[in-house]
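Asker: The structure file protein.cif (mmCIF, C-alpha atoms) is provided below.
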```cif
data_upload
loop_
_atom_site.label_atom_id
_atom_site.label_comp_id
_atom_site.auth_asym_id
_atom_site.auth_seq_id
_atom_site.Cartn_x
_atom_site.Cartn_y
_atom_site.Cartn_z
CA MET A 1 -35.95 9.91 -187.51
CA PRO A 2 -36.92 9.88 -183.87
CA GLU A 3 -39.51 12.26 -182.55
CA LEU A 4 -39.03 14.60 -179.63
CA HIS A 5 -41.49 12.52 -177.59
CA ASP A 6 -39.29 9.43 -178.11
CA LEU A 7 -36.20 11.31 -177.01
CA MET A 8 -37.98 12.50 -173.90
CA ASP A 9 -38.91 8.89 -173.13
CA HIS A 10 -35.17 8.08 -173.28
CA VAL A 11 -34.50 10.91 -170.85
CA ARG A 12 -37.14 9.56 -168.46
CA ASP A 13 -35.74 6.04 -168.78
CA ASP A 14 -32.24 7.27 -167.96
CA LEU A 15 -33.47 8.94 -164.83
CA THR A 16 -35.19 5.86 -163.44
CA VAL A 17 -31.83 4.51 -162.22
CA VAL A 18 -31.23 7.55 -160.03
CA ARG A 19 -31.13 6.61 -156.38
CA TRP A 20 -33.16 8.61 -153.92
CA PRO A 21 -33.08 9.10 -150.19
CA ALA A 22 -36.34 8.18 -148.48
CA GLY A 23 -38.83 10.92 -147.71
CA ASP A 24 -38.32 10.52 -143.96
CA GLU A 25 -34.57 10.97 -144.45
CA LEU A 26 -35.22 14.33 -146.15
CA ARG A 27 -37.52 15.30 -143.32
CA ARG A 28 -34.84 14.37 -140.78
CA ARG A 29 -32.34 16.55 -142.63
CA VAL A 30 -34.73 19.48 -142.34
CA GLY A 31 -35.04 18.77 -138.61
CA ARG A 32 -31.24 18.66 -138.20
CA ARG A 33 -30.92 21.88 -140.17
CA ARG A 34 -33.40 23.58 -137.86
CA GLN A 35 -31.54 22.35 -134.81
CA ARG A 36 -28.29 23.76 -136.17
CA VAL A 37 -29.95 27.12 -136.79
CA ILE A 38 -31.29 27.14 -133.23
CA ALA A 39 -27.87 26.14 -131.85
CA ALA A 40 -26.19 28.84 -133.91
CA ALA A 41 -28.65 31.44 -132.65
CA ALA A 42 -27.97 30.32 -129.08
CA ALA A 43 -24.24 30.54 -129.70
CA LEU A 44 -24.72 34.03 -131.08
CA VAL A 45 -26.55 35.10 -127.91
CA THR A 46 -23.85 33.53 -125.73
CA ALA A 47 -21.09 35.20 -127.70
CA MET A 48 -22.81 38.56 -127.40
CA THR A 49 -23.23 38.02 -123.67
CA VAL A 50 -19.56 37.37 -123.11
CA GLY A 51 -18.60 40.18 -125.43
CA ALA A 52 -16.82 38.07 -127.92
CA ALA A 53 -15.03 40.07 -130.53
CA SER A 54 -15.83 37.78 -133.38
CA LEU A 55 -18.58 35.36 -134.15
CA GLY A 56 -18.68 32.22 -136.12
CA ARG A 57 -20.92 31.96 -139.13
CA PRO A 58 -24.43 31.17 -137.93
CA ASP A 59 -24.91 28.08 -139.98
CA ARG A 60 -24.21 26.54 -143.26
CA GLU A 61 -26.67 24.70 -145.36
CA ALA A 62 -27.01 21.06 -144.62
CA PRO A 63 -24.46 18.95 -146.44
CA SER A 64 -25.54 18.55 -149.99
CA PRO A 65 -27.30 15.24 -150.38
CA THR A 66 -25.25 12.95 -152.49
CA ALA A 67 -26.21 10.51 -155.14
CA THR A 68 -25.00 7.69 -152.91
CA SER A 69 -27.96 8.08 -150.55
CA PRO A 70 -29.54 4.70 -150.13
CA THR A 71 -32.48 3.76 -152.24
CA VAL A 72 -35.33 3.02 -149.92
CA ASP A 73 -38.27 2.68 -152.25
CA ALA A 74 -37.63 1.97 -155.89
CA ARG A 75 -41.25 1.22 -156.68
CA PRO A 76 -42.15 2.93 -159.94
CA VAL A 77 -44.77 5.58 -159.41
CA GLU A 78 -45.02 7.34 -162.76
CA ILE A 79 -47.55 6.22 -165.31
CA ARG A 80 -45.99 6.44 -168.72
CA ARG A 81 -47.73 7.62 -171.80
CA SER A 82 -47.04 4.20 -173.30
CA ALA A 83 -49.23 2.67 -170.56
CA LEU A 84 -52.26 4.56 -171.81
CA LEU A 85 -54.46 3.77 -174.77
CA ARG A 86 -52.94 4.55 -178.15
CA PRO A 87 -54.77 6.17 -181.04
CA GLU A 88 -54.84 2.93 -183.01
CA ASP A 89 -56.61 1.17 -180.11
CA VAL A 90 -59.69 3.28 -180.61
CA GLY A 91 -59.42 4.48 -184.20
CA ALA A 92 -58.36 7.99 -183.22
CA GLY A 93 -56.20 10.38 -185.19
CA PRO A 94 -52.45 10.33 -184.59
CA ASP A 95 -52.03 13.44 -182.45
CA THR A 96 -53.22 12.50 -178.98
CA GLN A 97 -53.87 15.45 -176.76
CA ALA A 98 -51.85 15.30 -173.55
CA ASP A 99 -53.90 16.62 -170.66
CA GLY A 100 -51.09 16.51 -168.18
CA GLU A 101 -49.48 14.20 -165.68
CA SER A 102 -48.81 15.01 -162.10
CA ALA A 103 -48.34 13.75 -158.58
CA PHE A 104 -50.75 14.23 -155.74
CA GLN A 105 -53.81 15.13 -157.79
CA PRO A 106 -57.36 14.26 -156.80
CA ILE A 107 -59.39 11.84 -158.89
CA ARG A 108 -61.63 13.71 -161.29
CA PHE A 109 -65.25 12.77 -161.77
CA ASP A 110 -67.83 14.24 -164.09
CA VAL A 111 -69.24 17.55 -162.97
CA MET A 112 -72.53 16.35 -161.52
CA LEU A 113 -70.95 13.36 -159.81
CA ASP A 114 -68.39 15.71 -158.37
CA LEU A 115 -71.16 17.94 -157.01
CA CYS A 116 -72.97 15.02 -155.48
CA PHE A 117 -69.84 13.49 -153.94
CA GLY A 118 -69.13 16.89 -152.43
CA GLN A 119 -72.32 16.44 -150.41
CA ARG A 120 -72.62 12.70 -149.99
CA ALA A 121 -69.16 11.15 -150.38
CA PRO A 122 -66.56 13.83 -149.64
CA GLU A 123 -63.94 11.21 -148.77
CA LEU A 124 -63.73 10.27 -152.48
CA LEU A 125 -62.97 13.87 -153.43
CA ALA A 126 -60.31 14.06 -150.73
CA LEU A 127 -58.48 11.06 -152.16
CA ARG A 128 -55.14 12.12 -153.66
CA SER A 129 -53.38 9.94 -156.20
CA LEU A 130 -49.68 9.18 -156.00
CA TYR A 131 -49.58 9.92 -159.69
CA SER A 132 -51.96 10.69 -162.52
CA HIS A 133 -51.75 10.86 -166.29
CA ARG A 134 -54.56 12.12 -168.50
CA GLN A 135 -55.08 12.21 -172.23
CA THR A 136 -57.75 12.88 -174.83
CA LEU A 137 -57.99 10.93 -178.05
CA LEU A 138 -59.34 12.88 -180.98
CA LEU A 139 -60.62 12.07 -184.43
CA GLY A 140 -58.87 13.33 -187.55
CA THR A 141 -55.64 15.25 -187.71
CA GLU A 142 -54.68 18.74 -186.70
CA SER A 143 -55.25 19.98 -190.24
CA ASP A 144 -58.38 17.96 -190.86
CA ARG A 145 -60.51 17.74 -187.76
CA PRO A 146 -64.24 16.83 -187.79
CA ALA A 147 -66.67 19.22 -186.12
CA ARG A 148 -66.96 16.98 -183.06
CA PRO A 149 -63.51 15.47 -182.69
CA PHE A 150 -63.72 14.18 -179.11
CA LEU A 151 -63.46 10.41 -179.08
CA LEU A 152 -62.32 9.35 -175.63
CA GLY A 153 -60.86 10.81 -172.47
CA GLN A 154 -58.67 8.62 -170.31
CA ALA A 155 -57.31 9.35 -166.87
CA ALA A 156 -55.07 6.89 -165.06
CA TYR A 157 -54.24 7.17 -161.39
CA ARG A 158 -51.84 5.35 -159.15
CA LEU A 159 -53.09 4.97 -155.60
CA THR A 160 -51.65 3.34 -152.55
CA ALA A 161 -52.45 -0.38 -152.57
CA PRO A 162 -55.15 -0.18 -149.85
CA GLU A 163 -56.78 2.86 -151.48
CA ALA A 164 -56.78 1.16 -154.88
CA ALA A 165 -58.24 -2.03 -153.42
CA ALA A 166 -61.08 -0.07 -151.82
CA PHE A 167 -61.68 2.40 -154.64
CA LEU A 168 -64.30 0.67 -156.77
CA ARG A 169 -66.18 -0.57 -153.73
CA ASP A 170 -66.26 2.96 -152.34
CA LEU A 171 -67.20 4.37 -155.73
CA ARG A 172 -70.12 1.97 -156.12
CA SER A 173 -71.37 2.85 -152.71
CA ALA A 174 -70.95 6.59 -153.38
CA MET A 175 -72.84 6.29 -156.68
CA GLU A 176 -75.66 4.44 -154.95
CA SER A 177 -75.85 7.20 -152.38
CA CYS A 178 -76.11 9.71 -155.25
CA ASP A 179 -79.04 7.96 -156.91
CA GLY A 180 -81.72 10.56 -157.56
CA PHE A 181 -79.42 13.50 -156.89
CA THR A 182 -81.20 16.70 -157.91
CA GLN A 183 -79.94 20.09 -158.84
CA THR A 184 -81.89 23.19 -159.74
CA GLY A 185 -80.75 25.64 -162.36
CA GLU A 186 -81.80 27.95 -165.12
CA ILE A 187 -81.56 27.71 -168.87
CA GLU A 188 -81.95 30.34 -171.53
CA ARG A 189 -84.63 29.68 -174.15
CA SER A 190 -86.05 31.73 -176.95
CA ASP A 191 -89.03 32.58 -174.75
CA GLY A 192 -86.87 33.61 -171.80
CA LYS A 193 -85.18 32.02 -168.84
CA VAL A 194 -86.63 28.80 -167.50
CA LYS A 195 -86.01 27.36 -164.06
CA THR A 196 -85.06 23.71 -164.25
CA THR A 197 -84.71 20.71 -162.03
CA GLY A 198 -82.24 18.02 -163.01
CA ARG A 199 -82.41 14.51 -161.65
CA TYR A 200 -79.27 12.41 -161.94
CA SER A 201 -78.37 8.82 -161.30
CA TRP A 202 -75.40 6.60 -162.02
CA PRO A 203 -76.52 2.97 -162.27
CA ILE A 204 -73.92 0.24 -162.82
CA ALA A 205 -74.58 -1.22 -166.26
CA ALA A 206 -71.96 -3.98 -166.16
CA SER A 207 -69.07 -5.15 -164.05
CA GLY A 208 -66.12 -7.54 -164.03
CA PHE A 209 -65.18 -7.27 -167.71
CA ALA A 210 -61.57 -6.00 -167.51
CA GLY A 211 -58.60 -5.73 -165.16
CA ASP A 212 -58.88 -6.81 -161.53
CA GLU A 213 -62.15 -4.96 -161.11
CA SER A 214 -64.27 -2.94 -163.48
CA ILE A 215 -67.61 -1.25 -163.72
CA LEU A 216 -69.51 0.36 -166.55
CA VAL A 217 -71.50 3.31 -165.29
CA ARG A 218 -74.44 4.98 -167.00
CA HIS A 219 -74.72 8.68 -166.34
CA ASP A 220 -78.45 9.35 -166.59
CA ALA A 221 -79.77 12.89 -166.50
CA LEU A 222 -83.36 14.09 -166.80
CA ILE A 223 -83.94 17.85 -166.89
CA ARG A 224 -87.45 19.22 -166.35
CA ASN A 225 -89.06 22.62 -166.35
CA ALA A 226 -89.32 23.23 -162.62
CA ALA A 227 -92.71 24.96 -162.95
CA THR A 228 -94.52 22.68 -165.39
CA GLY A 229 -92.69 19.38 -165.08
CA GLU A 230 -92.15 19.31 -168.85
CA VAL A 231 -89.06 17.29 -169.85
CA ILE A 232 -86.54 19.67 -171.40
CA GLY A 233 -83.60 17.37 -171.85
CA GLU A 234 -82.50 13.82 -171.29
CA SER A 235 -79.14 12.15 -171.67
CA SER A 236 -77.51 8.85 -170.94
CA GLU A 237 -73.78 8.43 -171.34
CA LEU A 238 -71.36 5.74 -170.34
CA SER A 239 -68.05 5.67 -168.59
CA ALA A 240 -65.85 2.85 -167.38
CA TYR A 241 -63.81 2.59 -164.19
CA LEU A 242 -61.15 -0.10 -163.98
CA ARG A 243 -58.64 -1.20 -161.40
CA ILE A 244 -55.46 -2.98 -162.35
CA GLY A 245 -53.31 -3.58 -159.26
CA ASP A 246 -52.67 -0.18 -157.75
CA LEU A 247 -53.82 1.66 -160.90
CA VAL A 248 -57.27 3.01 -161.55
CA THR A 249 -58.30 4.30 -164.93
CA VAL A 250 -61.39 6.20 -165.97
CA LEU A 251 -62.58 6.01 -169.57
CA SER A 252 -65.03 8.64 -170.78
CA PRO A 253 -66.06 8.03 -174.40
CA ARG A 254 -67.99 10.31 -176.72
CA ALA A 255 -71.77 10.29 -176.46
CA GLY A 256 -73.32 7.41 -178.35
CA THR A 257 -70.56 4.89 -177.67
CA SER A 258 -72.13 1.50 -177.08
CA ALA A 259 -71.57 -0.56 -173.97
CA ASP A 260 -69.98 -3.33 -176.04
CA ASP A 261 -67.54 -0.93 -177.66
CA LEU A 262 -66.61 0.59 -174.32
CA ARG A 263 -66.05 -2.84 -172.81
CA GLN A 264 -63.67 -3.68 -175.65
CA ILE A 265 -61.80 -0.42 -175.16
CA ALA A 266 -61.64 -1.12 -171.43
CA ILE A 267 -60.11 -4.53 -172.02
CA THR A 268 -57.40 -2.96 -174.17
CA ALA A 269 -56.83 -0.19 -171.63
CA ALA A 270 -56.35 -2.78 -168.89
CA GLU A 271 -53.84 -4.67 -171.04
CA ARG A 272 -51.88 -1.49 -171.72
CA LEU A 273 -51.74 -0.65 -168.02
CA CYS A 274 -50.80 -4.15 -166.88
CA PRO A 275 -46.99 -3.81 -167.07
CA SER A 276 -47.09 -0.57 -165.07
CA ALA A 277 -49.30 -1.90 -162.32
CA ASN A 278 -48.14 -3.05 -158.91
CA PRO A 279 -48.27 -5.96 -158.85
CA PRO A 280 -47.88 -6.29 -162.64
CA CYS A 281 -50.20 -8.66 -164.43
CA MET B 1 -45.05 19.12 -138.26
CA ALA B 2 -47.67 16.58 -139.28
CA ASP B 3 -48.49 14.54 -142.37
CA GLY B 4 -45.08 13.03 -143.02
CA ALA B 5 -46.80 10.22 -144.89
CA GLY B 6 -48.52 12.69 -147.21
CA PHE B 7 -45.25 14.45 -147.89
CA ASP B 8 -43.51 11.13 -148.55
CA GLU B 9 -46.20 10.16 -151.05
CA PHE B 10 -45.92 13.46 -152.82
CA TYR B 11 -42.13 13.23 -152.87
CA GLN B 12 -42.20 9.70 -154.22
CA GLY B 13 -44.79 10.52 -156.85
CA SER B 14 -43.30 13.73 -158.18
CA ARG B 15 -39.53 13.55 -157.73
CA GLN B 16 -38.75 11.82 -161.05
CA ARG B 17 -40.62 14.45 -162.99
CA LEU B 18 -39.03 17.29 -161.12
CA LEU B 19 -35.62 15.72 -161.60
CA GLY B 20 -36.21 15.41 -165.35
CA TYR B 21 -37.37 18.99 -165.55
CA VAL B 22 -34.39 20.39 -163.64
CA PHE B 23 -32.02 18.12 -165.53
CA LEU B 24 -33.23 19.49 -168.87
CA LEU B 25 -32.89 23.04 -167.60
CA THR B 26 -29.46 22.65 -166.05
CA GLY B 27 -27.80 19.92 -168.09
CA ASP B 28 -26.16 18.33 -165.05
CA LEU B 29 -27.67 15.27 -163.41
CA ALA B 30 -25.79 15.42 -160.12
CA GLU B 31 -26.58 19.09 -159.76
CA ALA B 32 -30.20 18.42 -160.66
CA GLN B 33 -30.37 15.80 -157.90
CA ASP B 34 -29.00 18.28 -155.39
CA VAL B 35 -31.41 20.97 -156.53
CA VAL B 36 -34.41 18.64 -156.39
CA GLN B 37 -33.59 17.35 -152.92
CA GLU B 38 -33.07 20.87 -151.66
CA ALA B 39 -36.43 21.86 -153.16
CA TYR B 40 -38.18 19.00 -151.35
CA MET B 41 -36.53 19.94 -148.09
CA ARG B 42 -37.88 23.45 -148.50
CA ALA B 43 -41.27 21.98 -149.36
CA TRP B 44 -41.31 19.98 -146.14
CA GLN B 45 -40.61 23.16 -144.16
CA ARG B 46 -43.83 24.62 -145.60
CA TRP B 47 -45.74 21.40 -146.17
CA SER B 48 -48.78 22.39 -144.14
CA THR B 49 -49.36 25.17 -146.70
CA ILE B 50 -48.13 23.48 -149.86
CA ARG B 51 -50.21 20.34 -149.43
CA GLY B 52 -53.31 22.50 -149.80
CA TYR B 53 -52.27 23.93 -153.15
CA ASP B 54 -54.17 22.84 -156.25
CA ASP B 55 -50.91 21.97 -157.93
CA PRO B 56 -48.05 21.47 -155.45
CA GLU B 57 -45.77 20.40 -158.31
CA ALA B 58 -46.00 23.87 -159.85
CA TRP B 59 -44.65 25.30 -156.60
CA MET B 60 -41.85 22.74 -156.66
CA ARG B 61 -40.90 23.67 -160.21
CA THR B 62 -40.74 27.34 -159.35
CA VAL B 63 -38.61 26.76 -156.26
CA ALA B 64 -36.34 24.27 -158.02
CA ARG B 65 -35.81 26.69 -160.87
CA ARG B 66 -34.82 29.44 -158.44
CA ILE B 67 -32.36 27.14 -156.70
CA ALA B 68 -30.99 25.97 -160.03
CA VAL B 69 -30.54 29.48 -161.33
CA SER B 70 -28.71 30.48 -158.18
CA GLN B 71 -26.28 27.65 -158.79
CA TRP B 72 -26.07 28.16 -162.51
CA ARG B 73 -22.38 29.11 -162.68
CA ARG B 74 -21.37 25.95 -160.85
CA ILE B 75 -23.69 23.86 -163.00
CA ARG B 76 -22.18 25.17 -166.21
CA GLY B 77 -18.75 24.20 -164.92
CA ARG B 78 -19.94 20.72 -164.05
CA ALA B 79 -21.66 20.29 -167.41
CA ARG B 80 -18.40 21.08 -169.17
CA ALA B 81 -16.54 18.65 -166.91
CA TYR B 82 -19.10 15.97 -167.70
CA LEU B 83 -18.71 16.41 -171.42
CA LEU B 84 -14.94 16.19 -171.05
CA HIS B 85 -14.63 13.43 -168.49
CA GLY B 86 -18.03 11.77 -168.20
CA ALA B 87 -20.22 11.76 -165.11
CA ALA B 88 -18.55 11.53 -161.74
CA ASP B 89 -19.20 8.21 -160.06
CA PRO B 90 -21.70 7.18 -158.70
CA VAL B 91 -24.13 9.37 -160.64
CA PRO B 92 -25.48 7.11 -163.38
CA ALA B 93 -24.33 8.20 -166.82
CA PRO B 94 -27.16 9.25 -169.10
CA SER B 95 -27.42 7.59 -172.49
CA LEU B 96 -25.93 9.25 -175.53
CA SER B 97 -29.33 10.34 -176.77
CA THR B 98 -30.08 12.01 -173.45
CA VAL B 99 -26.74 13.78 -173.45
CA ALA B 100 -27.46 14.95 -177.00
CA VAL B 101 -30.88 16.29 -175.97
CA VAL B 102 -29.41 18.10 -172.99
CA GLN B 103 -26.61 19.56 -175.08
CA ALA B 104 -29.03 20.70 -177.74
CA LEU B 105 -31.37 22.22 -175.17
CA SER B 106 -28.51 24.16 -173.63
CA ARG B 107 -28.24 26.03 -176.94
CA LEU B 108 -31.81 27.25 -176.74
CA PRO B 109 -32.94 30.40 -174.96
CA ALA B 110 -34.07 29.67 -171.40
CA GLU B 111 -37.75 30.37 -172.14
CA GLN B 112 -37.76 27.87 -175.01
CA ARG B 113 -35.96 25.31 -172.87
CA VAL B 114 -38.55 25.70 -170.12
CA ALA B 115 -41.44 25.42 -172.58
CA ILE B 116 -39.96 22.30 -174.21
CA ALA B 117 -39.27 20.66 -170.83
CA MET B 118 -42.75 21.41 -169.51
CA HIS B 119 -44.61 20.40 -172.64
CA TYR B 120 -42.62 17.46 -173.92
CA LEU B 121 -41.07 16.00 -170.80
CA LEU B 122 -43.82 16.74 -168.30
CA GLY B 123 -46.69 16.47 -170.77
CA MET B 124 -48.20 19.79 -169.67
CA PRO B 125 -50.81 21.24 -172.02
CA VAL B 126 -49.87 24.53 -173.65
CA VAL B 127 -52.40 26.45 -171.56
CA ASP B 128 -50.82 25.15 -168.36
CA VAL B 129 -47.35 26.07 -169.57
CA ALA B 130 -48.66 29.53 -170.34
CA ARG B 131 -50.26 29.86 -166.91
CA GLU B 132 -47.17 28.72 -165.07
CA THR B 133 -44.70 30.81 -167.04
CA GLY B 134 -46.94 33.86 -167.15
CA ALA B 135 -46.77 34.04 -170.94
CA PRO B 136 -49.69 34.21 -173.39
CA VAL B 137 -50.67 30.94 -175.04
CA GLY B 138 -49.58 32.24 -178.44
CA THR B 139 -46.14 33.05 -177.07
CA VAL B 140 -45.77 29.57 -175.61
CA LYS B 141 -46.79 28.05 -178.95
CA ALA B 142 -44.21 30.19 -180.69
CA ARG B 143 -41.54 29.16 -178.18
CA LEU B 144 -42.39 25.51 -178.71
CA HIS B 145 -42.39 25.93 -182.46
CA ARG B 146 -39.00 27.69 -182.49
CA GLY B 147 -37.57 25.33 -179.91
CA ARG B 148 -38.68 22.27 -181.89
CA ALA B 149 -37.30 23.67 -185.09
CA ALA B 150 -33.95 24.38 -183.45
CA LEU B 151 -33.83 20.93 -181.85
CA ALA B 152 -34.76 19.32 -185.15
CA GLU B 153 -31.70 20.90 -186.70
CA LEU B 154 -29.42 20.06 -183.80
CA LEU B 155 -30.66 16.51 -183.29
CA ALA B 156 -31.91 15.55 -186.77
CA ILE B 157 -35.33 14.68 -185.40
CA ASP B 158 -38.80 14.90 -186.77
CA SER B 159 -40.13 18.38 -186.01
CA GLY B 160 -43.65 17.71 -187.24
CA GLU B 161 -45.29 17.63 -183.83
CA PRO B 162 -48.27 19.91 -183.30
CA ALA B 163 -47.55 22.71 -180.86
CA ASP B 164 -50.97 22.78 -179.35
CA ALA B 165 -51.29 19.16 -178.40
#
```
Do you think you could lay out the structure here as structure tokens?

Answerer:
Amino acid sequence: MPELHDLMDHVRDDLTVVRWPAGDELRRRVGRRRQRVIAAAAALVTAMTVGAASLGRPDREAPSPTATSPTVDARPVEIRRSALLRPEDVGAGPDTQADGESAFQPIRFDVMLDLCFGQRAPELLALRSLYSHRQTLLLGTESDRPARPFLLGQAAYRLTAPEAAAFLRDLRSAMESCDGFTQTGEIERSDGKVKTTGRYSWPIAASGFAGDESILVRHDALIRNAATGEVIGESSELSAYLRIGDLVTVLSPRAGTSADDLRQIAITAAERLCPSANPPC
Amino acid sequence: MADGAGFDEFYQGSRQRLLGYVFLLTGDLAEAQDVVQEAYMRAWQRWSTIRGYDDPEAWMRTVARRIAVSQWRRIRGRARAYLLHGAADPVPAPSLSTVAVVQALSRLPAEQRVAIAMHYLLGMPVVDVARETGAPVGTVKARLHRGRAALAELLAIDSGEPADA
């Protein structure tokens, strides 16, 4: 028996043949509609001036756009669920968690990177994707979930071709500019609140292993007691950024995932995305 | 009005999803196309504001739903005509499975239909569906559960999907 997800894929497939007017055509229609409203208002004033007994209707809506409007850009924009990693690719449980898909969303980075980019590379935060699709792969099943089920987060973004081509170069440069980024904060300990200083860096651990471009980034954090300098916490996690044509995907695995494992996952992710990329590979 | 390119990108990137959503709510593809295009025209009129929203697509869904509801009588008439005579040329005819889904959805209460369309067609997490529809998360889960169960009966599909995916 089919699943509801499969049926929804059929619905999406059916709708891909729908023809659309170009965006500038829609904008022109709005302009023409405005002009008609202005003309109607002017006519109303004129009619009142000459004391006309009856007035025409101010304006009707623009003619309903028809399905015969010419197709101007049939380039696929959506990123299908089938283009993302599947549970079997990474040994996850069957019920992938959908984290949403949407147009015009910014690219999401980890929290500290986001903070740093806000100060040192705001242009990366301003970048809006044409389309994005995010998912989380979990261990176990809904009825039998381990205590720490998170296995891998994946976000895929479609950018304009020039933005995609520049993305990893810009990201590398932004990460370099964030090397040594520090943040102060406070943590709660049994002996009271402690002021902390965190030092963060994002060195590139590997590159060129998947897709058209790829980098493996290490997220290093060192948290110290701000007063004594004592190291309170330390972490080093990996993530992978890949570009395949006009698609960019970000892979964020669970802590402890090895670089080799993440590279393998990245290769599979690139293969899955290939047919959806422009140009396809 | 500036930023035509930004609007065009947004339109190109989101229109298929909005069309699918409206189509599932209304059951009529031609009407859904009209509704969606009208919604984008309204978006362009307010684009300088909408482009700054965290989730412009949520605004589009709300507006499209209002437009669709206002045309609901006409849509119902067209849906009946489609079932009797097929889609009017040149609107592409949906596949039988899509027609079956749309027919089955039309037998669900509107709030279940909206929840199913948002969660299963648009891939929105339950919490986002709850936020956008103004319903508690538990209510959305219940709507999805009931909607799935009803669709399973109507369509003979597997209803074993988790509601809180």

Asker: Using all atoms listed in the file, determine which residues lie at most 8 Å from Asp220 (chain A), disregarding the query and same-chain residues fewer than 2 positions distant; provide the list as a ChimeraX atom specification.

Answerer: /A:200-203,218,222,234-237

Asker: Determine the residue set returned by the PyMOL selection byres ((chain A) within 7 of (chain B)) for the present structure, and present it as a PyMOL selection string.

Answerer: chain A and resi 1-5+7-8+10-12+14+17-18+23-24+26-27+30+64-65+67-68+77-78+96-104+130-131

Asker: I need the residues from that last selection saved to file as a tab-separated table (two decimals), in the frame of the given file (with C-alpha atoms), if you can.

Answerer:
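What ended up in part-v6.tsv:
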```
chain	number	residue	atom	x	y	z
A	1	MET	CA	-35.95	9.91	-187.51
A	2	PRO	CA	-36.92	9.88	-183.87
A	3	GLU	CA	-39.51	12.26	-182.55
A	4	LEU	CA	-39.03	14.60	-179.63
A	5	HIS	CA	-41.49	12.52	-177.59
A	7	LEU	CA	-36.20	11.31	-177.01
A	8	MET	CA	-37.98	12.50	-173.90
A	10	HIS	CA	-35.17	8.08	-173.28
A	11	VAL	CA	-34.50	10.91	-170.85
A	12	ARG	CA	-37.14	9.56	-168.46
A	14	ASP	CA	-32.24	7.27	-167.96
A	17	VAL	CA	-31.83	4.51	-162.22
A	18	VAL	CA	-31.23	7.55	-160.03
A	23	GLY	CA	-38.83	10.92	-147.71
A	24	ASP	CA	-38.32	10.52	-143.96
A	26	LEU	CA	-35.22	14.33	-146.15
A	27	ARG	CA	-37.52	15.30	-143.32
A	30	VAL	CA	-34.73	19.48	-142.34
A	64	SER	CA	-25.54	18.55	-149.99
A	65	PRO	CA	-27.30	15.24	-150.38
A	67	ALA	CA	-26.21	10.51	-155.14
A	68	THR	CA	-25.00	7.69	-152.91
A	77	VAL	CA	-44.77	5.58	-159.41
A	78	GLU	CA	-45.02	7.34	-162.76
A	96	THR	CA	-53.22	12.50	-178.98
A	97	GLN	CA	-53.87	15.45	-176.76
A	98	ALA	CA	-51.85	15.30	-173.55
A	99	ASP	CA	-53.90	16.62	-170.66
A	100	GLY	CA	-51.09	16.51	-168.18
A	101	GLU	CA	-49.48	14.20	-165.68
A	102	SER	CA	-48.81	15.01	-162.10
A	103	ALA	CA	-48.34	13.75	-158.58
A	104	PHE	CA	-50.75	14.23	-155.74
A	130	LEU	CA	-49.68	9.18	-156.00
A	131	TYR	CA	-49.58	9.92	-159.69
```

Asker: Could you work out an axis-aligned box for region 136-144 of chain B, taking every atom the file lists and adding 8 Å on each side, and report centre and edge lengths in Å to one decimal, as JSON?

Answerer:
```
{"center_x": -46.1, "center_y": 29.9, "center_z": -177.0, "size_x": 25.1, "size_y": 24.7, "size_z": 23.3}
```

Asker: Convert the output of the PyMOL selection byres ((chain A and resi 158-173) around 6) on the shown file into explicit residues, formatted as a list in words.

Answerer: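 Matching residues under the PyMOL selection byres ((chain A and resi 158-173) around 6) are Ser129, Leu130, Tyr131, Tyr157, Ala174, Met175, Glu176, Asp246 and Leu247 of chain A.
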
Asker: Expressed in Å to a single decimal, how great is the separation between CA of Leu84 (chain A) and CA of Leu273 (chain A)?

Answerer: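 Rounded to one decimal, the two atoms are 6.5 Å apart.
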
Asker: So which residues get picked by the PyMOL selection byres ((chain A and resi 211-214) around 7) here, written as a VMD selection string?

Answerer: chain A and resid 207 to 210 215 to 216 241 to 245 270

Asker: Looking at B:Ala32, B:Met60, B:Ile50, B:Leu154, which one is nearest to Ala104 (chain B), with distances taken over only C-alpha atoms?

Answerer: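 Closest to Ala104 (chain B), using only C-alpha atoms: B:Leu154.
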
Asker: Take CA of Gly198 (chain A) and CA of Ala155 (chain A) and report the distance between them in Å, one decimal.

Answerer: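 Rounded to one decimal, the two atoms are 26.7 Å apart.
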
Asker: Could you work out how far CA of Trp20 (chain A) lies from CA of Ala115 (chain B), giving the answer in Å with one decimal?

Answerer: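 For CA of Ala115 (chain B) relative to CA of Trp20 (chain A), the distance reads 26.4 Å.
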
Asker: Can you list, as a VMD selection string, every protein, DNA or RNA residue that comes within 12 Å of Thr139 (chain B) when you count all atoms listed in the file, leaving out same-chain residues fewer than 5 positions away?

Answerer: chain B and resid 111 to 112 115 126 to 127 129 to 131 133 to 134 144 to 147 163 to 164

Asker: Identify, on the basis of all atoms listed in the file, every residue whose closest approach to region 88-94 of chain A does not exceed 8 Å; exclude the query and any residue fewer than 2 positions from it along the same chain; express the result as a VMD selection string.

Answerer: chain A and resid 85 to 86 96 137 to 141 151 265 268
